[in-house]
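Shown here: start.txt, compact mmCIF, C-alpha atoms.
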# COMPACT_ATOMS: atom_id res chain seq x y z
CA MET C 297 -28.37 31.80 23.72
CA THR C 298 -27.20 28.44 22.40
CA ASP C 299 -25.86 26.04 25.00
CA ALA C 300 -22.27 25.13 24.04
CA ARG C 301 -22.86 21.62 25.33
CA THR C 302 -25.34 20.95 22.52
CA GLN C 303 -23.00 22.11 19.77
CA SER C 304 -20.77 19.43 18.29
CA VAL C 305 -17.05 20.16 18.09
CA LYS C 306 -15.51 19.54 14.68
CA PHE C 307 -12.14 18.02 15.44
CA TYR C 308 -9.37 17.84 12.84
CA TYR C 309 -7.30 14.93 14.05
CA SER C 310 -4.50 12.54 13.20
CA PRO C 311 -3.42 9.66 15.46
CA GLY C 312 0.05 9.73 16.96
CA SER C 313 0.23 13.52 16.93
CA ARG C 314 -0.43 16.37 19.34
CA SER C 315 -4.11 15.97 18.53
CA SER C 316 -4.05 12.93 20.84
CA THR C 317 -4.03 15.38 23.76
CA VAL C 318 -7.19 17.06 22.50
CA LEU C 319 -8.88 13.71 21.92
CA TRP C 320 -8.27 12.86 25.58
CA MET C 321 -9.62 16.28 26.57
CA LEU C 322 -12.78 15.82 24.51
CA GLU C 323 -13.38 12.52 26.24
CA GLU C 324 -12.84 14.14 29.64
CA VAL C 325 -15.33 16.97 29.08
CA GLY C 326 -17.89 14.71 27.43
CA ALA C 327 -18.35 17.13 24.55
CA PRO C 328 -20.07 15.88 21.41
CA TYR C 329 -17.52 15.88 18.62
CA ASP C 330 -17.07 14.81 15.01
CA ILE C 331 -13.64 13.72 13.84
CA GLU C 332 -12.26 14.90 10.52
CA LEU C 333 -9.34 12.55 9.93
CA ILE C 334 -6.25 14.31 8.58
CA ASN C 335 -3.82 11.79 7.12
CA LEU C 336 -0.44 13.37 7.77
CA LYS C 337 1.43 10.68 5.84
CA ALA C 338 -0.66 11.45 2.77
CA GLY C 339 -0.04 15.18 3.17
CA ALA C 340 -3.67 16.07 3.88
CA GLN C 341 -2.51 18.81 6.24
CA ARG C 342 -1.08 20.69 3.24
CA SER C 343 -4.28 20.67 1.20
CA PRO C 344 -5.65 24.11 0.30
CA GLU C 345 -8.87 23.29 2.16
CA TYR C 346 -7.07 22.52 5.41
CA LEU C 347 -4.59 25.39 5.11
CA ALA C 348 -7.56 27.73 4.86
CA ILE C 349 -8.54 26.53 8.35
CA ASN C 350 -5.07 26.23 9.87
CA PRO C 351 -2.39 28.07 7.85
CA MET C 352 0.32 26.30 9.86
CA GLY C 353 -0.72 23.00 8.28
CA LYS C 354 -0.70 21.24 11.66
CA VAL C 355 -3.08 19.25 13.78
CA PRO C 356 -5.01 19.59 16.00
CA THR C 357 -7.62 22.15 15.07
CA ILE C 358 -11.18 22.47 16.29
CA SER C 359 -14.18 24.42 15.08
CA HIS C 360 -16.94 25.13 17.60
CA ASN C 361 -19.72 27.71 17.73
CA GLY C 362 -18.10 29.71 14.93
CA ALA C 363 -14.64 29.74 16.55
CA VAL C 364 -11.61 28.04 15.05
CA VAL C 365 -8.95 27.19 17.63
CA THR C 366 -5.48 25.75 16.99
CA GLU C 367 -2.56 24.71 19.26
CA SER C 368 -3.31 21.82 21.58
CA ALA C 369 -2.91 23.62 24.93
CA ALA C 370 -5.07 26.52 23.73
CA ILE C 371 -7.72 24.08 22.49
CA CYS C 372 -7.77 22.28 25.83
CA CYS C 373 -8.09 25.61 27.65
CA TYR C 374 -10.97 26.58 25.37
CA LEU C 375 -12.77 23.26 25.88
CA ALA C 376 -12.46 23.46 29.67
CA ASP C 377 -14.11 26.89 29.63
CA ALA C 378 -16.70 26.00 26.97
CA PHE C 379 -17.83 22.94 28.91
CA PRO C 380 -17.59 24.07 32.56
CA HIS C 381 -19.87 21.30 33.80
CA ALA C 382 -16.85 18.96 33.57
CA GLY C 383 -15.13 20.93 36.33
CA LEU C 384 -11.71 20.82 34.68
CA ALA C 385 -10.74 24.48 35.12
CA PRO C 386 -10.65 26.68 38.22
CA ALA C 387 -12.90 29.69 37.72
CA ILE C 388 -11.54 33.20 37.22
CA GLY C 389 -11.01 34.54 40.72
CA ASP C 390 -10.17 31.13 42.15
CA PRO C 391 -6.63 31.18 43.66
CA LEU C 392 -5.89 27.99 41.74
CA ARG C 393 -6.53 29.70 38.40
CA GLY C 394 -2.98 31.10 38.26
CA PRO C 395 -1.12 27.82 38.89
CA TYR C 396 -3.57 26.10 36.53
CA LEU C 397 -2.71 28.43 33.65
CA LYS C 398 1.00 28.19 34.43
CA TRP C 399 1.00 24.39 34.10
CA LEU C 400 -1.39 24.42 31.16
CA PHE C 401 1.11 26.34 29.04
CA TYR C 402 4.29 24.97 30.59
CA ALA C 403 4.22 22.00 28.22
CA PRO C 404 4.44 23.86 24.88
CA SER C 405 6.55 26.74 26.19
CA CYS C 406 9.08 24.81 28.29
CA ILE C 407 8.86 21.02 28.08
CA GLU C 408 8.63 20.63 24.32
CA PRO C 409 11.50 22.98 23.35
CA ALA C 410 13.68 21.53 26.11
CA MET C 411 12.97 18.00 24.85
CA ILE C 412 13.87 18.97 21.29
CA GLU C 413 17.04 20.71 22.38
CA ASN C 414 18.12 17.71 24.42
CA ALA C 415 17.19 15.13 21.77
CA ALA C 416 19.11 17.07 19.12
CA ASN C 417 22.10 17.31 21.49
CA ILE C 418 22.40 21.06 21.06
CA GLU C 419 22.60 23.88 23.57
CA LEU C 420 21.27 27.27 22.64
CA THR C 421 23.27 30.22 23.91
CA PRO C 422 23.15 32.62 25.54
CA ARG C 423 21.03 30.58 27.92
CA GLY C 424 19.18 33.66 29.15
CA MET C 425 17.53 34.04 25.76
CA THR C 426 15.68 30.73 25.98
CA GLY C 427 12.23 30.85 27.51
CA TRP C 428 12.62 27.42 29.11
CA GLY C 429 15.99 27.87 30.79
CA SER C 430 17.51 24.42 30.40
CA TYR C 431 16.48 20.79 30.00
CA ASP C 432 17.76 19.87 33.48
CA ARG C 433 15.87 22.72 35.11
CA VAL C 434 12.66 21.80 33.28
CA MET C 435 12.93 18.16 34.36
CA ALA C 436 13.68 19.14 37.96
CA THR C 437 10.68 21.48 38.02
CA LEU C 438 8.43 18.72 36.70
CA ARG C 439 9.75 16.22 39.24
CA GLY C 440 8.90 18.62 42.02
CA ALA C 441 5.40 19.17 40.67
CA VAL C 442 4.31 15.58 40.06
CA GLY C 443 6.31 13.98 42.87
CA LYS C 444 4.27 15.53 45.68
CA ALA C 445 2.01 13.47 47.93
CA SER C 446 -1.08 14.84 46.15
CA PRO C 447 -2.16 12.95 43.02
CA TYR C 448 -2.44 15.89 40.61
CA LEU C 449 -0.73 19.17 39.77
CA LEU C 450 -3.28 21.20 41.75
CA GLY C 451 -3.57 18.76 44.62
CA GLU C 452 -6.58 16.48 44.87
CA ARG C 453 -8.30 18.11 41.90
CA PHE C 454 -7.73 16.78 38.38
CA THR C 455 -7.73 19.58 35.79
CA THR C 456 -6.98 20.26 32.16
CA ALA C 457 -3.41 21.03 33.20
CA ASP C 458 -3.01 17.34 34.03
CA VAL C 459 -4.26 16.44 30.56
CA VAL C 460 -1.70 18.66 28.84
CA ILE C 461 1.26 17.91 31.14
CA GLY C 462 0.32 14.23 31.43
CA ALA C 463 0.03 13.75 27.67
CA THR C 464 3.39 15.45 27.14
CA LEU C 465 5.11 13.29 29.77
CA ARG C 466 3.59 10.08 28.41
CA PHE C 467 4.63 11.01 24.87
CA GLY C 468 8.14 12.00 25.93
CA MET C 469 8.72 8.83 27.93
CA SER C 470 7.45 6.65 25.07
CA PHE C 471 10.05 8.19 22.75
CA LYS C 472 12.78 8.37 25.43
CA THR C 473 13.01 12.16 25.19
CA ILE C 474 11.90 12.33 28.82
CA PRO C 475 13.52 9.93 31.31
CA GLU C 476 11.32 7.34 33.00
CA LEU C 477 11.94 8.74 36.46
CA PRO C 478 9.92 7.23 39.34
CA GLU C 479 7.91 10.43 39.82
CA PHE C 480 6.97 10.60 36.13
CA VAL C 481 6.06 6.91 35.89
CA ALA C 482 3.88 7.03 39.01
CA TYR C 483 2.07 10.16 37.79
CA ALA C 484 1.47 8.61 34.36
CA LYS C 485 0.06 5.47 35.95
CA ARG C 486 -2.38 7.52 38.00
CA LEU C 487 -3.57 9.25 34.87
CA GLU C 488 -3.92 5.97 32.98
CA GLU C 489 -6.57 4.92 35.49
CA ARG C 490 -8.90 7.59 34.09
CA PRO C 491 -11.64 6.13 31.85
CA ALA C 492 -11.38 9.07 29.45
CA LEU C 493 -7.70 8.36 28.80
CA GLN C 494 -8.45 4.68 28.34
CA ARG C 495 -11.11 5.59 25.76
CA GLN C 496 -8.68 7.91 24.00
CA ILE C 497 -6.09 5.15 23.72
CA ALA C 498 -8.67 2.76 22.23
CA ILE C 499 -10.00 5.34 19.75
CA GLU C 500 -6.48 6.27 18.75
CA ALA C 501 -5.55 2.65 18.06
CA ASP C 502 -8.60 2.26 15.82
CA TYR C 503 -7.77 5.37 13.74
CA ALA C 504 -4.12 4.33 13.52
CA ARG C 505 -5.23 1.04 11.99
CA GLN C 506 -7.39 2.90 9.47
CA ILE C 507 -4.42 4.95 8.27
CA THR C 508 -1.90 2.09 8.15
CA GLY C 509 -4.33 -0.59 7.04

Now that the file is in, can you turn its structure into structure tokens?
Amino acid sequence: MTDARTQSVKFYYSPGSRSSTVLWMLEEVGAPYDIELINLKAGAQRSPEYLAINPMGKVPTISHNGAVVTESAAICCYLADAFPHAGLAPAIGDPLRGPYLKWLFYAPSCIEPAMIENAANIELTPRGMTGWGSYDRVMATLRGAVGKASPYLLGERFTTADVVIGATLRFGMSFKTIPELPEFVAYAKRLEERPALQRQIAIEADYARQITG
């Protein structure tokens, strides 16, 4: 059996997009990876070659051990399980596995649609049909989760859920679609102390210069 840790991840990436979350995750797990730069401004995501890999024409996408995975939260979940030595996912059977999965997918299923709804100044009705409830309820739930005395979503343990939620909060605050509340700012600052996130920021800046320069 081939050890997943020896197999390089092919990472279809563009700076300033949701693929930034996966770049951070790759740095956290220490997985070997090769970046395939997708220039969104040039429309590379709509090329026939890329659409054959990801018919949605979005980034990120990864290819690893014969599997193609899309959607940033799903990719992060996959990487945590493929590289368990990093210790970023509670094992199946661990009581923390449930809360971990809840927060891992809370970002795309609740935070992102609530942000878009709020930024567009629209309210979808009837409210009971929306999977995220309301923007105010989403923000209040997040405040309660990251404003606890413990540093991370699952207490003292940093997990992939912090990567996905943390990246979403940092992105939202940078574009003012999430308010810079004290709980959010403090949580983001804790995450920014992680060397993997610092590496991601530096790598991202370099690729951004390549596209714009």

Item to complete: Check the smallest atom-to-atom distance from each of C:Gly468, C:Pro351, C:Gly394, C:Pro356 to Ser315 (chain C) using only C-alpha atoms, then report the winner.
Response: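 Among C:Gly468, C:Pro351, C:Gly394, C:Pro356, it is C:Pro356 that comes nearest to Ser315 (chain C).
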
Practice prompt. For Met469 (chain C), list every protein, DNA or RNA residue within 9 Å, evaluated using only C-alpha atoms, and leave out those in the same chain fewer than 6 positions away; present the list as a PyMOL selection string.
Written response: chain C and resi 475-476+480-481

Discussion item. For a quick check of your reading of the model, name the residues lying within 6 Å of the coordinate (-21.4, 27.3, 19.2), counting all atoms listed in the file, and write them as an MDAnalysis selection string.
Written reply: chainID C and resid 300 303 360:362

Item to complete: Select, from C:Phe401, C:Tyr396, C:Leu319, C:Gly326, the residue with the minimum atom-to-atom distance to Leu450 (chain C), counting all atoms listed in the file.
Response: C:Tyr396

Practice prompt. Calculate how many Å separate CA of Ala376 (chain C) from CA of Thr455 (chain C), rounding to one decimal.
Written response: 8.7 Å

Discussion item. Need the shell around Gln341 (chain C): protein/DNA/RNA residues with any atom at most 12 Å away, counting all atoms listed in the file. Skip same-chain ones fewer than 2 positions apart. Format as a ChimeraX atom specification?
Written reply: /C:308-310,332-339,343-357

Output C-alpha atoms of each residue in that selection to a file, as a PDB file, in the coordinates of the input.
ATOM      1  CA  TYR C 308      -9.370  17.840  12.840  1.00  0.00           C
ATOM      2  CA  TYR C 309      -7.300  14.930  14.050  1.00  0.00           C
ATOM      3  CA  SER C 310      -4.500  12.540  13.200  1.00  0.00           C
ATOM      4  CA  GLU C 332     -12.260  14.900  10.520  1.00  0.00           C
ATOM      5  CA  LEU C 333      -9.340  12.550   9.930  1.00  0.00           C
ATOM      6  CA  ILE C 334      -6.250  14.310   8.580  1.00  0.00           C
ATOM      7  CA  ASN C 335      -3.820  11.790   7.120  1.00  0.00           C
ATOM      8  CA  LEU C 336      -0.440  13.370   7.770  1.00  0.00           C
ATOM      9  CA  LYS C 337       1.430  10.680   5.840  1.00  0.00           C
ATOM     10  CA  ALA C 338      -0.660  11.450   2.770  1.00  0.00           C
ATOM     11  CA  GLY C 339      -0.040  15.180   3.170  1.00  0.00           C
ATOM     12  CA  SER C 343      -4.280  20.670   1.200  1.00  0.00           C
ATOM     13  CA  PRO C 344      -5.650  24.110   0.300  1.00  0.00           C
ATOM     14  CA  GLU C 345      -8.870  23.290   2.160  1.00  0.00           C
ATOM     15  CA  TYR C 346      -7.070  22.520   5.410  1.00  0.00           C
ATOM     16  CA  LEU C 347      -4.590  25.390   5.110  1.00  0.00           C
ATOM     17  CA  ALA C 348      -7.560  27.730   4.860  1.00  0.00           C
ATOM     18  CA  ILE C 349      -8.540  26.530   8.350  1.00  0.00           C
ATOM     19  CA  ASN C 350      -5.070  26.230   9.870  1.00  0.00           C
ATOM     20  CA  PRO C 351      -2.390  28.070   7.850  1.00  0.00           C
ATOM     21  CA  MET C 352       0.320  26.300   9.860  1.00  0.00           C
ATOM     22  CA  GLY C 353      -0.720  23.000   8.280  1.00  0.00           C
ATOM     23  CA  LYS C 354      -0.700  21.240  11.660  1.00  0.00           C
ATOM     24  CA  VAL C 355      -3.080  19.250  13.780  1.00  0.00           C
ATOM     25  CA  PRO C 356      -5.010  19.590  16.000  1.00  0.00           C
ATOM     26  CA  THR C 357      -7.620  22.150  15.070  1.00  0.00           C
TER      27      THR C 357
END

Worksheet item: Which residues, written as a PyMOL selection string, have at least one atom at most 10 Å from Leu384 (chain C), with only C-alpha atoms counted and residues fewer than 6 positions away on the same chain left out?
Response: chain C and resi 321+324-325+372-373+375-377+396+453-459

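Between Ile412 (chain C) and the candidates C:Ile499, C:Ala378, C:Ala370, C:Ile474, the tightest atom-to-atom separation, counting all atoms listed in the file, involves C:Ile474.
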
Worksheet, complete the sentence: The distance between CA of Trp399 (chain C) and CA of Pro447 (chain C) is 14.8 Å

Discussion item. Ranking C:Ile507, C:Ile418, C:Ala385, C:Leu322 by minimum distance to Arg495 (chain C) and counting only C-alpha atoms, which one comes first?
Written reply: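 Of C:Ile507, C:Ile418, C:Ala385, C:Leu322, the one nearest Arg495 (chain C) is C:Leu322, counting only C-alpha atoms.
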
Worksheet item: Of the residues C:Pro395, C:Phe379, C:Ala482, C:Ala436, which is the one nearest to Gly451 (chain C), using all atoms listed in the file?
Response: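 Among C:Pro395, C:Phe379, C:Ala482, C:Ala436, it is C:Pro395 that comes nearest to Gly451 (chain C).
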
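Interatomic distance, CA of Glu488 (chain C) to CA of Ala463 (chain C): 10.2 Å.
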
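Among the candidate residues C:Pro328, C:Gly383, C:Pro409, C:Gly443, the one lying nearest to Phe307 (chain C) is C:Pro328, with distances computed using only C-alpha atoms.
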
Listed atoms of region 486-498 of chain C boxed along x, y and z, 5 Å each side, centre and edge lengths in Å, one decimal, as AutoDock Vina command-line options:
--center_x -7.0 --center_y 6.0 --center_z 30.1 --size_x 19.3 --size_y 16.5 --size_z 25.8
